[in-house]
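Undergrad: My questions will all concern the structure given below.
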Amino acid sequence: MGDGIQWLVGETTSSGWMLDVHFAHGIAAEELALRMGASPGTRAEPMTDVEVAYLDVDAYPERGPGSAVVRVGEDAGWAFAITYGPYLDRLAEVSRDGVEAVHYHYNSEHPPTIVLYARDGRTVCGFGLCEENLRYGDEPDLLVPDLVAAGILRRDGKTYRDRRIDDYADRKRLGLAVFENRFGLSLPRSALGEDPLPVYAIMGSPAPDFEEISAWAAANEKPLPDPHLRLIPADLRKEYERATDPDRWQRHTRPLPARAQWSPRA
């Protein structure tokens, strides 16, 4: 028996602020990575959650070209992909051709945690944890019987069994258990711990200036980018741009306002 998914509540990746997982039933982990946006040949050596942090993916596309990777694996009959980078909704692509898929997204800065179930390219149902009376998808009420059985909602699907929430973490676990029990979802706790998992680039690869910046990094004794992922770490790009185009930083830096001069006549 696996670890289930209730333990995900409140957990984050090494990013420290987000946990985003796509699950897929009916395809292998490598196919899931490809549907998430990976290109053949962009697989890197297996990495732990902590090791991925050193890739320094650019999670803020408005500040740079943007990049993202996934670590993939399989558990309890489901493939899973843990995303590192900006928010990416790939549920429609992952669930095409009859595949079942679930997307779990937790962002500590933007509640609620959203969980969605899709099949054959369409979002079937889903809800935010602790907001189960607001549901999404083509069949938004599909899980209402499960929510009623869990003691979260009354039979009308709109009224909460108990409006008072004493422990929000426990309450979120109760809502997440609905997905865990209905679909048999599981993610090993070790996936966010010591387990090294295959890594694929799903956004920003190959970086158009990969060779150029890699050569500069080698000449200046900087850590080299991963040759399989072909992504440029965000901080390495900043160092390169400062060194090769210092005026760029002046052009993109907002000047400080001039300090007002004091005058006895003012």
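Ordered as shown in the structure tokens, chains take letters A, B, and onward, while each chain numbers its residues from 1 and ligands are numbered from 1 in the order shown.
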List every residue of segment 155-262 of chain A that DSSP, applied to the backbone of this structure, assigns to helix (DSSP H, G or I), and report them as a ChimeraX atom specification.
TA: /A:168-183,189-192,210-219,234-244,246-251
Undergrad: Give the strand (DSSP E or B) residues of segment 39-236 of chain A, as DSSP finds them on the backbone, and put them as a PyMOL selection string.
TA: chain A and resi 43-47+68-75+78-84+100-107+114-119+122-128+131-136+153+160+197-203
Undergrad: Kindly indicate which residue among A:Gly184, A:Pro246, A:Gly2, A:Gly128 lies nearest to His110 of chain A, using only C-alpha atoms for the distances.
TA: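 For His110 of chain A, the nearest of the given residues is A:Gly128.
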Undergrad: Name the closest residue to Leu176 of chain A among the candidates A:Gly4, A:Gly157, A:Gly137, A:Gly98; distances are taken between atoms, counting only C-alpha atoms.
TA: A:Gly4
Undergrad: Give me the residues within 10 Å of Glu194 of chain A as an MDAnalysis selection string, counting only C-alpha atoms and dropping any in the same chain fewer than 3 places off.
TA: chainID A and resid 47:51 189:191 197
Undergrad: Got a sec: who's within 8 Å of Val9 of chain A, counting only C-alpha atoms, leaving out chain neighbours fewer than 6 positions off, as a PyMOL selection string?
TA: chain A and resi 169+172-173
Undergrad: Which one is closest to Tyr60 of chain A: A:Ala207, A:Leu134, A:Ala219, A:Ala234? Count only C-alpha atoms.
TA: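 For Tyr60 of chain A, the nearest of the candidates is A:Ala234.
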Undergrad: If you count only C-alpha atoms, which residues fall within 9 Å of Asp75 of chain A, apart from same-chain ones fewer than 6 positions away, as a ChimeraX atom specification?
TA: /A:2,185-188
Undergrad: Residues at most 10 Å from segment 147-156 of chain A, counting only C-alpha atoms, excluding those fewer than 5 positions away in the same chain, as a ChimeraX atom specification?
TA: /A:130,132-133,141-142,161-163,171,174-175,177-179
Undergrad: In Å, with one decimal, what is the gap from atom CA of Val94 of chain A to atom CA of Gly37 of chain A?
TA: 9.6 Å
Undergrad: Suppose you want the space between atom CA of Gly85 of chain A and atom CA of Ile232 of chain A; what is it in Å?
TA: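 Atom CA of Gly85 of chain A sits 13.0 Å away from atom CA of Ile232 of chain A.
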Undergrad: Find the residue from A:Ala76, A:Ala28, A:Ala92, A:Ala201 that sits nearest to Pro227 of chain A; use only C-alpha atoms when measuring.
TA: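 When distances to Pro227 of chain A are compared using only C-alpha atoms, the smallest one comes from A:Ala201.
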Undergrad: Measure the distance from atom CA of Ala81 of chain A to atom CA of Val199 of chain A in Å and round it to one decimal.
TA: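 According to the coordinates, atom CA of Ala81 of chain A and atom CA of Val199 of chain A are separated by 9.4 Å.
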Undergrad: Give me the residues within 12 Å of Asp56 of chain A as a ChimeraX atom specification, counting only C-alpha atoms and dropping any in the same chain fewer than 2 places off.
TA: /A:14-15,50-54,58-60,66-69,84-85,223,225-226,231-238
